[in-house]
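Beneath this line is the structure, given in structure tokens, with notes to follow.
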Amino acid sequence: MSPTVTTSTDCAVQIRNLNYYFGRGDLRKQVLYDINLDLPRGQIVIMTGPSGSGKTTLLTLIGALRSAQEGSLQVLSQEIVGMGNRKLVAVRRNIGFIFQAHNLFESLTATQNVEMAVELKGEFRSKRSQSVDILTQVGLENRVDYKPDSLSGGQKQRVAIARALVNQPQLILADEPTAALDKKSGRDVVTLMQKLAKEQNRTILMVTHDNRILDVADRIINLVDGYLESDDNLDTFVSTHDPKTLDRRMFIM
Amino acid sequence: MRTPLAWLNLTHDRRKFATSLLGVGFAVLLMFLFTGFKNALYDSQVQLINRLNADIIIINRLKNNMFVPSAFARRRLYQARALATVASAYPLYLSDVRWKNPENKTTRPVRVLAFNLADPILPLPEIQAHLDQLKLPNTALIDERARVEVGPREAGVVTELADREIRIVGTFSLGTDFASGNGNLIMSDQNFLRYFANRGPEEDERSFATADIGLVKVVPGAEVEAVVAQLQERLPDDVKVMVRSGPGDSFEAQERDYWRDSTNIAFVFSLLTVMSFFVGIILVYQILYTDVADHWTEYATLKAMGYSNRFLFGVVIQEALILSVLGFIPGFLVSHLLYGGAANVTGLLFQMTPGRVLNIYILSFVMSLISGAIAVRKVQSADPAEVFG
């Protein structure tokens, strides 16, 4: 499972020599330095690193939420660097986003929240059945018409996952999806993501500080101060990042 | 069908939604009230004119509004009758006079409308109903919509008019205007002479030699405009002949124009309406802005999912339009009630015509649209990248 050089078609994401800066002129500050990264299809990758290391910036770049400036960033075989805003919006439609907060509309029921995603594809007739399908897969078949305020934290996050997955995106980006959940709900949510990824050959890139869920990863990358510091499989990561020898900054949230 | 996000977001919190609608309704109410007062002041000036049973009006050339007491020679009406196209020509006598409130004995000016009861001057059923009593000396009908200051407006009141006793034998319904003082009385021309023929040294004496307004009916099939031209041509220049109502050169239009040009009514009430309009914009903007601010991360998430700015614009504009439609309804209903109340208190004529209702609706629609356009800028600034982290 260690990274190998692959052709771009096998990769959901291929990054070459990516630099990224915040600000302009004198205030320009580099946050990402010469990132090279391949995410093959079907792989679950966890990205860790201390606060301010550029994890979220990298995630939003891959998610086509920002326009990249230097280097090459191919997402689902499309070059993001230099792309216009309208095309970025189109790229996003093929990506599933899961956030730290569930970001569900309180005014919409679980299925309506999910249906908002289906409507992006213009499939208005089958949207209800697609939504109920995916909600059943995440174990919410009895909560389809509930509004978020009558769902538990874990259930809300599962609705958010259903919303991210309903359009069967080839790439799923998750930012601390378990941060707001207790241990058991967090575990359930991650297991669910793992199951769906393996069954349907999806690529998942997850930013997390949650050590309890590292085991679902095929691969763990560590970002420190804007540099890709290490890129290991799980066993190597655990042995090299033993808490006793570990840079303590890693776990500062 | 698309999920009706705008509707669901607005109605999710019922109480907030109700308050929002009341807010919009209040702005609509203010606009209704101010335009209502403006229109009522103009409409009231011409309500008597519009109820006169005439196609054509003959007046003294100097009488450029109902306040001017100038009368014209009644023989002009006989001259008018000589025209083959004129079916009838009747005189109406007007006079302002002191009326004593029978309860608190204060005197107030009222306007007397007098005419030969055999002539069809005002199509009011009450005149026919009290015809016999009105033929008796010193009797009159009082307008039940006269101002409360004149005292009880009912049959049986006995008080003084121009220092002579008068007995009220019945009521009719007309309403007040600037020229009518505190209200109108109707009496026979015979009684008119009793009160106004010998009024003391400082006052104008009245007789049947002069009339205030001449009411002309044309024969069926005759062209009114042509008859007006013929009459004006035939009669001396001391009188003015004009169509009774309608746009252009009519008696009604002359009255409206006079009040529009010589008072600040239009300016004051239009200014108030415009201010209500801006209050409405601020109100609706507040409502929409709060919605966008409360759902900021959700809207940004929609952007991350691949929804365009245009879609989010649509949601905000839809919310604005829903507010303008649903807020208009309570505003309209309450205004309707208030129009009735204001008409009762002031005796002015408050009319809610479909055209005026439509005008106010268009105003509230534009109001919401402007607010929506301002609030949309907030949605545009929702940066999906900021939802992470």
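Labeling convention for the structure tokens: chains A, B, ... as they appear, residues from 1 per chain, ligands from 1 in order of appearance.
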Hey, what's within 12 Å of stretch 13-15 of chain B if we count only C-alpha atoms and toss same-chain stuff fewer than 4 positions away? As a PDB file with N, CA and C atoms, in the first residue's frame, please?
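The file below, out-v1.pdb, is the result:
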ATOM      1  N   GLU A 106     -31.450  23.167   8.934  1.00  0.00           N
ATOM      2  CA  GLU A 106     -32.402  22.809   9.989  1.00  0.00           C
ATOM      3  C   GLU A 106     -33.829  22.748   9.457  1.00  0.00           C
ATOM      4  N   SER A 107     -34.075  23.503   8.404  1.00  0.00           N
ATOM      5  CA  SER A 107     -35.450  23.592   7.901  1.00  0.00           C
ATOM      6  C   SER A 107     -35.802  22.422   6.988  1.00  0.00           C
ATOM      7  N   LEU A 108     -34.796  21.633   6.591  1.00  0.00           N
ATOM      8  CA  LEU A 108     -35.062  20.525   5.676  1.00  0.00           C
ATOM      9  C   LEU A 108     -34.990  19.200   6.429  1.00  0.00           C
TER      10      LEU A 108
ATOM     11  N   TRP B   7     -38.776  28.713   0.690  1.00  0.00           N
ATOM     12  CA  TRP B   7     -39.999  28.617   1.484  1.00  0.00           C
ATOM     13  C   TRP B   7     -39.718  27.926   2.813  1.00  0.00           C
ATOM     14  N   LEU B   8     -38.989  26.799   2.761  1.00  0.00           N
ATOM     15  CA  LEU B   8     -38.750  26.031   3.988  1.00  0.00           C
ATOM     16  C   LEU B   8     -37.890  26.821   4.967  1.00  0.00           C
ATOM     17  N   ASN B   9     -36.875  27.533   4.447  1.00  0.00           N
ATOM     18  CA  ASN B   9     -36.029  28.332   5.342  1.00  0.00           C
ATOM     19  C   ASN B   9     -36.837  29.431   6.024  1.00  0.00           C
ATOM     20  N   THR B  19     -43.597  37.095  12.611  1.00  0.00           N
ATOM     21  CA  THR B  19     -43.138  38.463  12.896  1.00  0.00           C
ATOM     22  C   THR B  19     -42.645  39.124  11.614  1.00  0.00           C
ATOM     23  N   SER B  20     -41.950  38.361  10.778  1.00  0.00           N
ATOM     24  CA  SER B  20     -41.465  38.929   9.518  1.00  0.00           C
ATOM     25  C   SER B  20     -42.636  39.432   8.686  1.00  0.00           C
ATOM     26  N   LEU B  21     -43.676  38.588   8.594  1.00  0.00           N
ATOM     27  CA  LEU B  21     -44.830  38.989   7.784  1.00  0.00           C
ATOM     28  C   LEU B  21     -45.490  40.231   8.370  1.00  0.00           C
ATOM     29  N   LEU B  22     -45.562  40.287   9.703  1.00  0.00           N
ATOM     30  CA  LEU B  22     -46.159  41.471  10.321  1.00  0.00           C
ATOM     31  C   LEU B  22     -45.324  42.699  10.001  1.00  0.00           C
ATOM     32  N   ASP B 291     -31.498  35.695   7.870  1.00  0.00           N
ATOM     33  CA  ASP B 291     -31.601  34.339   7.341  1.00  0.00           C
ATOM     34  C   ASP B 291     -30.275  33.899   6.745  1.00  0.00           C
TER      35      ASP B 291
END
As an MDAnalysis selection string, which residues of stretch 18-253 of chain A does DSSP assign to helix (DSSP H, G or I)? chainID A and resid 25:27 55:62 85:92 110:119 127:137 148:150 153:165 183:200 211:216 234:240 248:251
Selection to disk with C-alpha atoms, as a PDB file, in the first residue's frame:
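Dumped everything to part.pdb:
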ATOM      1  CA  GLY A  25       2.617  41.626  -2.085  1.00  0.00           C
ATOM      2  CA  ASP A  26       4.492  42.179   1.165  1.00  0.00           C
ATOM      3  CA  LEU A  27       1.939  40.165   3.106  1.00  0.00           C
ATOM      4  CA  LYS A  55      -3.866  20.490   6.031  1.00  0.00           C
ATOM      5  CA  THR A  56      -7.108  22.341   5.535  1.00  0.00           C
ATOM      6  CA  THR A  57      -5.595  24.509   2.811  1.00  0.00           C
ATOM      7  CA  LEU A  58      -4.468  21.418   0.942  1.00  0.00           C
ATOM      8  CA  LEU A  59      -7.907  19.859   1.395  1.00  0.00           C
ATOM      9  CA  THR A  60      -9.711  22.923   0.047  1.00  0.00           C
ATOM     10  CA  LEU A  61      -7.299  23.069  -2.907  1.00  0.00           C
ATOM     11  CA  ILE A  62      -7.995  19.438  -3.783  1.00  0.00           C
ATOM     12  CA  ASN A  85     -14.420  29.829 -11.057  1.00  0.00           C
ATOM     13  CA  ARG A  86     -17.245  28.376 -13.114  1.00  0.00           C
ATOM     14  CA  LYS A  87     -15.220  25.286 -13.996  1.00  0.00           C
ATOM     15  CA  LEU A  88     -14.202  24.879 -10.368  1.00  0.00           C
ATOM     16  CA  VAL A  89     -17.894  24.697  -9.452  1.00  0.00           C
ATOM     17  CA  ALA A  90     -18.349  21.912 -11.999  1.00  0.00           C
ATOM     18  CA  VAL A  91     -15.383  19.961 -10.575  1.00  0.00           C
ATOM     19  CA  ARG A  92     -16.848  20.204  -7.067  1.00  0.00           C
ATOM     20  CA  ALA A 110     -32.940  14.349   6.356  1.00  0.00           C
ATOM     21  CA  THR A 111     -34.072  13.243   2.929  1.00  0.00           C
ATOM     22  CA  GLN A 112     -34.550  16.821   1.665  1.00  0.00           C
ATOM     23  CA  ASN A 113     -31.000  17.644   2.728  1.00  0.00           C
ATOM     24  CA  VAL A 114     -29.749  14.666   0.754  1.00  0.00           C
ATOM     25  CA  GLU A 115     -32.055  15.439  -2.161  1.00  0.00           C
ATOM     26  CA  MET A 116     -30.455  18.894  -2.488  1.00  0.00           C
ATOM     27  CA  ALA A 117     -27.352  17.015  -3.672  1.00  0.00           C
ATOM     28  CA  VAL A 118     -29.278  14.806  -6.123  1.00  0.00           C
ATOM     29  CA  GLU A 119     -30.910  17.897  -7.608  1.00  0.00           C
ATOM     30  CA  LYS A 127     -34.280  11.942  -6.088  1.00  0.00           C
ATOM     31  CA  ARG A 128     -36.462  10.588  -3.301  1.00  0.00           C
ATOM     32  CA  SER A 129     -35.642   6.941  -4.011  1.00  0.00           C
ATOM     33  CA  GLN A 130     -31.910   7.695  -4.380  1.00  0.00           C
ATOM     34  CA  SER A 131     -31.970   9.563  -1.105  1.00  0.00           C
ATOM     35  CA  VAL A 132     -33.875   6.871   0.780  1.00  0.00           C
ATOM     36  CA  ASP A 133     -31.452   4.280  -0.644  1.00  0.00           C
ATOM     37  CA  ILE A 134     -28.369   6.007   0.679  1.00  0.00           C
ATOM     38  CA  LEU A 135     -30.003   6.871   4.006  1.00  0.00           C
ATOM     39  CA  THR A 136     -30.826   3.166   4.376  1.00  0.00           C
ATOM     40  CA  GLN A 137     -27.187   2.340   3.695  1.00  0.00           C
ATOM     41  CA  PRO A 148     -31.946  17.615  12.077  1.00  0.00           C
ATOM     42  CA  ASP A 149     -33.072  18.919  15.465  1.00  0.00           C
ATOM     43  CA  SER A 150     -34.711  15.580  16.225  1.00  0.00           C
ATOM     44  CA  GLY A 153     -25.117  14.117  16.640  1.00  0.00           C
ATOM     45  CA  GLY A 154     -24.063  10.803  15.101  1.00  0.00           C
ATOM     46  CA  GLN A 155     -27.234  10.568  13.068  1.00  0.00           C
ATOM     47  CA  LYS A 156     -26.784  14.099  11.755  1.00  0.00           C
ATOM     48  CA  GLN A 157     -23.223  13.303  10.694  1.00  0.00           C
ATOM     49  CA  ARG A 158     -24.513  10.182   8.952  1.00  0.00           C
ATOM     50  CA  VAL A 159     -27.043  12.297   7.053  1.00  0.00           C
ATOM     51  CA  ALA A 160     -24.168  14.572   6.040  1.00  0.00           C
ATOM     52  CA  ILE A 161     -22.247  11.506   4.850  1.00  0.00           C
ATOM     53  CA  ALA A 162     -25.284  10.313   2.924  1.00  0.00           C
ATOM     54  CA  ARG A 163     -25.471  13.753   1.309  1.00  0.00           C
ATOM     55  CA  ALA A 164     -21.793  13.559   0.348  1.00  0.00           C
ATOM     56  CA  LEU A 165     -22.095  10.046  -1.048  1.00  0.00           C
ATOM     57  CA  LYS A 183     -16.347   7.572  20.682  1.00  0.00           C
ATOM     58  CA  LYS A 184     -18.967   5.098  19.522  1.00  0.00           C
ATOM     59  CA  SER A 185     -20.714   7.370  17.006  1.00  0.00           C
ATOM     60  CA  GLY A 186     -17.320   8.434  15.689  1.00  0.00           C
ATOM     61  CA  ARG A 187     -16.314   4.836  15.208  1.00  0.00           C
ATOM     62  CA  ASP A 188     -19.616   4.010  13.477  1.00  0.00           C
ATOM     63  CA  VAL A 189     -19.271   6.931  11.103  1.00  0.00           C
ATOM     64  CA  VAL A 190     -15.741   5.987  10.090  1.00  0.00           C
ATOM     65  CA  THR A 191     -16.541   2.302   9.696  1.00  0.00           C
ATOM     66  CA  LEU A 192     -19.425   3.311   7.482  1.00  0.00           C
ATOM     67  CA  MET A 193     -17.186   5.466   5.306  1.00  0.00           C
ATOM     68  CA  GLN A 194     -14.670   2.656   5.083  1.00  0.00           C
ATOM     69  CA  LYS A 195     -17.325   0.145   4.068  1.00  0.00           C
ATOM     70  CA  LEU A 196     -18.778   2.386   1.365  1.00  0.00           C
ATOM     71  CA  ALA A 197     -15.314   3.217   0.050  1.00  0.00           C
ATOM     72  CA  LYS A 198     -14.246  -0.411  -0.215  1.00  0.00           C
ATOM     73  CA  GLU A 199     -17.505  -1.592  -1.759  1.00  0.00           C
ATOM     74  CA  GLN A 200     -17.578   1.126  -4.375  1.00  0.00           C
ATOM     75  CA  ASN A 211      -6.073   8.627  16.927  1.00  0.00           C
ATOM     76  CA  ARG A 212      -8.906   6.183  17.503  1.00  0.00           C
ATOM     77  CA  ILE A 213      -9.768   6.018  13.850  1.00  0.00           C
ATOM     78  CA  LEU A 214      -6.293   5.826  12.305  1.00  0.00           C
ATOM     79  CA  ASP A 215      -6.727   2.108  11.728  1.00  0.00           C
ATOM     80  CA  VAL A 216      -9.181   2.568   8.839  1.00  0.00           C
ATOM     81  CA  LEU A 234      -0.415   2.393   8.908  1.00  0.00           C
ATOM     82  CA  ASP A 235       2.100   0.055  10.578  1.00  0.00           C
ATOM     83  CA  THR A 236       5.086   2.206   9.747  1.00  0.00           C
ATOM     84  CA  PHE A 237       3.235   5.295  10.884  1.00  0.00           C
ATOM     85  CA  VAL A 238       2.339   3.782  14.230  1.00  0.00           C
ATOM     86  CA  SER A 239       5.891   2.611  14.903  1.00  0.00           C
ATOM     87  CA  THR A 240       7.577   5.829  13.792  1.00  0.00           C
ATOM     88  CA  ARG A 248       4.052  16.369  20.696  1.00  0.00           C
ATOM     89  CA  ARG A 249       2.800  19.110  18.450  1.00  0.00           C
ATOM     90  CA  MET A 250       1.068  16.453  16.370  1.00  0.00           C
ATOM     91  CA  PHE A 251      -1.744  16.119  18.814  1.00  0.00           C
TER      92      PHE A 251
END
Two-atom distance - atom CA of A:Gln69, atom CA of B:Tyr299 (Å): 25.9 Å
Compute the chain B side of the contact with chain A at 7 Å, counting only C-alpha atoms, and hand it back as an mmCIF file with C-alpha atoms, in the first residue's frame.
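Result file is iface33.cif:
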data_model
loop_
_atom_site.group_PDB
_atom_site.id
_atom_site.type_symbol
_atom_site.label_atom_id
_atom_site.label_comp_id
_atom_site.auth_asym_id
_atom_site.auth_seq_id
_atom_site.Cartn_x
_atom_site.Cartn_y
_atom_site.Cartn_z
ATOM 1 C CA MET B 1 -39.624 19.255 -8.335
ATOM 2 C CA ARG B 2 -36.889 21.197 -6.636
ATOM 3 C CA THR B 3 -36.818 21.263 -2.862
ATOM 4 C CA LEU B 8 -38.750 26.031 3.988
ATOM 5 C CA ASN B 9 -36.029 28.332 5.342
ATOM 6 C CA HIS B 12 -39.015 26.840 9.534
ATOM 7 C CA THR B 297 -22.311 27.668 6.698
ATOM 8 C CA GLU B 298 -25.176 25.786 5.081
ATOM 9 C CA THR B 301 -21.807 24.040 1.971
ATOM 10 C CA ALA B 304 -18.965 23.477 -1.938
ATOM 11 C CA MET B 305 -21.351 20.828 -3.224
ATOM 12 C CA GLY B 306 -21.389 22.586 -6.561
ATOM 13 C CA SER B 308 -23.592 28.228 -8.247
ATOM 14 C CA PRO B 384 -16.949 27.548 0.674
ATOM 15 C CA ALA B 385 -13.273 27.197 1.613
ATOM 16 C CA PHE B 388 -13.420 23.757 6.421
ATOM 17 C CA GLY B 389 -11.396 24.216 9.528
#
For the structure I just gave you, how does DSSP split stretch 108-273 of chain B - specifically, which residues are strand (DSSP E or B)? Reply as a ChimeraX atom specification. /B:108-115,139-143,158-161,164-172,181,184-188,210-211,213-218,239-243,250
Atom CA of B:Asn60 to atom CA of B:Phe72 measures 5.0 Å
Taking into account only C-alpha atoms, which residue in the set B:Lys217, B:Arg75, B:Arg111, B:Lys38 is nearest to B:Ala87?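 Of B:Lys217, B:Arg75, B:Arg111, B:Lys38, the one nearest B:Ala87, counting only C-alpha atoms, is B:Lys217.
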Find the residues near B:Ala114: any atom within 7 Å, counting only C-alpha atoms, skip ones fewer than 5 places away on the same chain, and give them as a PyMOL selection string. chain B and resi 92-94+186-189+192
Quick one: residues within 6 Å of stretch 70-81 of chain A, only C-alpha atoms, excluding same-chain residues fewer than 2 positions away - as a ChimeraX atom specification? /A:12-19,68,83
For atom CA of B:Gly36 and atom CA of B:Ile265, determine how far apart the two atoms are, in Å to one decimal place. 11.6 Å
For B:Arg145, work out the shell of residues within 12 Å, counting only C-alpha atoms and skipping chain neighbours fewer than 4 positions away, then give it as a ChimeraX atom specification. /B:44,141,149-154,171-177,180,182-185,342-349
Could you take the residues named above and write them with N, CA and C atoms, as an mmCIF file, in the first residue's frame?
data_model
loop_
_atom_site.group_PDB
_atom_site.id
_atom_site.type_symbol
_atom_site.label_atom_id
_atom_site.label_comp_id
_atom_site.auth_asym_id
_atom_site.auth_seq_id
_atom_site.Cartn_x
_atom_site.Cartn_y
_atom_site.Cartn_z
ATOM 1 N N SER B 44 -62.363 63.335 -1.845
ATOM 2 C CA SER B 44 -63.462 63.966 -1.114
ATOM 3 C C SER B 44 -63.864 65.280 -1.758
ATOM 4 N N LEU B 141 -82.301 68.250 5.679
ATOM 5 C CA LEU B 141 -81.675 66.954 5.940
ATOM 6 C C LEU B 141 -80.226 67.229 6.333
ATOM 7 N N GLU B 149 -68.356 67.399 15.371
ATOM 8 C CA GLU B 149 -68.431 68.711 16.009
ATOM 9 C C GLU B 149 -69.781 69.389 15.830
ATOM 10 N N VAL B 150 -70.559 68.947 14.838
ATOM 11 C CA VAL B 150 -71.850 69.608 14.639
ATOM 12 C C VAL B 150 -72.908 69.062 15.584
ATOM 13 N N GLY B 151 -72.571 68.057 16.378
ATOM 14 C CA GLY B 151 -73.542 67.497 17.317
ATOM 15 C C GLY B 151 -74.227 66.279 16.727
ATOM 16 N N PRO B 152 -75.353 65.869 17.316
ATOM 17 C CA PRO B 152 -76.013 64.656 16.815
ATOM 18 C C PRO B 152 -76.499 64.847 15.388
ATOM 19 N N ARG B 153 -76.228 63.854 14.552
ATOM 20 C CA ARG B 153 -76.640 63.950 13.154
ATOM 21 C C ARG B 153 -77.805 62.993 12.960
ATOM 22 N N GLU B 154 -78.988 63.440 13.381
ATOM 23 C CA GLU B 154 -80.142 62.548 13.296
ATOM 24 C C GLU B 154 -81.414 63.370 13.160
ATOM 25 N N THR B 171 -81.752 62.226 7.423
ATOM 26 C CA THR B 171 -80.319 62.255 7.127
ATOM 27 C C THR B 171 -80.081 61.725 5.728
ATOM 28 N N PHE B 172 -78.895 62.020 5.231
ATOM 29 C CA PHE B 172 -78.424 61.408 3.986
ATOM 30 C C PHE B 172 -76.930 61.177 4.185
ATOM 31 N N SER B 173 -76.295 60.552 3.205
ATOM 32 C CA SER B 173 -74.885 60.221 3.373
ATOM 33 C C SER B 173 -74.076 60.783 2.227
ATOM 34 N N LEU B 174 -73.179 61.725 2.529
ATOM 35 C CA LEU B 174 -72.338 62.309 1.481
ATOM 36 C C LEU B 174 -70.873 62.348 1.920
ATOM 37 N N GLY B 175 -70.572 63.057 3.011
ATOM 38 C CA GLY B 175 -69.177 63.175 3.432
ATOM 39 C C GLY B 175 -68.692 64.597 3.312
ATOM 40 N N THR B 176 -67.555 64.889 3.992
ATOM 41 C CA THR B 176 -67.084 66.271 4.041
ATOM 42 C C THR B 176 -65.954 66.498 3.039
ATOM 43 N N ASP B 177 -65.648 67.758 2.791
ATOM 44 C CA ASP B 177 -64.450 68.125 2.039
ATOM 45 C C ASP B 177 -64.002 69.491 2.542
ATOM 46 N N SER B 180 -66.764 72.189 2.386
ATOM 47 C CA SER B 180 -68.067 71.967 3.014
ATOM 48 C C SER B 180 -68.061 72.304 4.492
ATOM 49 N N ASN B 182 -67.985 71.786 8.154
ATOM 50 C CA ASN B 182 -68.129 70.625 9.014
ATOM 51 C C ASN B 182 -69.137 69.609 8.492
ATOM 52 N N GLY B 183 -69.814 69.938 7.400
ATOM 53 C CA GLY B 183 -70.769 68.989 6.854
ATOM 54 C C GLY B 183 -71.745 69.666 5.921
ATOM 55 N N ASN B 184 -72.619 68.885 5.363
ATOM 56 C CA ASN B 184 -73.582 69.396 4.392
ATOM 57 C C ASN B 184 -75.008 69.275 4.920
ATOM 58 N N LEU B 185 -75.844 70.259 4.536
ATOM 59 C CA LEU B 185 -77.288 70.176 4.761
ATOM 60 C C LEU B 185 -77.952 70.216 3.395
ATOM 61 N N ALA B 342 -61.005 55.514 9.451
ATOM 62 C CA ALA B 342 -60.609 56.889 9.154
ATOM 63 C C ALA B 342 -61.737 57.620 8.438
ATOM 64 N N ALA B 343 -62.459 56.912 7.565
ATOM 65 C CA ALA B 343 -63.571 57.538 6.852
ATOM 66 C C ALA B 343 -64.648 57.954 7.845
ATOM 67 N N ASN B 344 -64.904 57.107 8.851
ATOM 68 C CA ASN B 344 -65.916 57.441 9.847
ATOM 69 C C ASN B 344 -65.526 58.656 10.660
ATOM 70 N N VAL B 345 -64.256 58.733 11.044
ATOM 71 C CA VAL B 345 -63.821 59.820 11.910
ATOM 72 C C VAL B 345 -63.779 61.145 11.157
ATOM 73 N N THR B 346 -63.239 61.125 9.939
ATOM 74 C CA THR B 346 -62.993 62.383 9.235
ATOM 75 C C THR B 346 -64.118 62.757 8.297
ATOM 76 N N GLY B 347 -64.951 61.796 7.924
ATOM 77 C CA GLY B 347 -65.966 62.081 6.922
ATOM 78 C C GLY B 347 -65.388 62.180 5.528
ATOM 79 N N LEU B 348 -64.092 61.875 5.390
ATOM 80 C CA LEU B 348 -63.470 61.918 4.065
ATOM 81 C C LEU B 348 -63.766 60.617 3.332
ATOM 82 N N LEU B 349 -63.570 60.653 2.037
ATOM 83 C CA LEU B 349 -63.892 59.504 1.206
ATOM 84 C C LEU B 349 -62.626 58.661 0.991
#
For B:Val241, list every protein, DNA or RNA residue within 9 Å, evaluated using only C-alpha atoms, and leave out those in the same chain fewer than 4 positions away; present the list as a PyMOL selection string. chain B and resi 56-61+228-229+231-232+235+250-251
Residue subset to file, keeping C-alpha atoms, as a short mmCIF file (atom, residue, chain, number, x, y, z; two decimals), in the first residue's frame:
data_model
loop_
_atom_site.label_atom_id
_atom_site.label_comp_id
_atom_site.auth_asym_id
_atom_site.auth_seq_id
_atom_site.Cartn_x
_atom_site.Cartn_y
_atom_site.Cartn_z
CA ILE B 56 -72.55 69.23 -18.20
CA ILE B 57 -71.90 71.87 -15.55
CA ILE B 58 -72.34 75.60 -15.95
CA ILE B 59 -70.57 77.84 -13.41
CA ASN B 60 -69.44 81.40 -13.01
CA ARG B 61 -66.19 81.84 -14.87
CA VAL B 228 -70.38 71.76 -24.30
CA ALA B 229 -68.86 73.54 -27.29
CA LEU B 231 -73.23 76.05 -25.06
CA GLN B 232 -69.96 77.83 -24.54
CA LEU B 235 -73.72 81.66 -23.77
CA SER B 250 -63.98 68.77 -16.67
CA PHE B 251 -65.40 70.31 -13.52
#
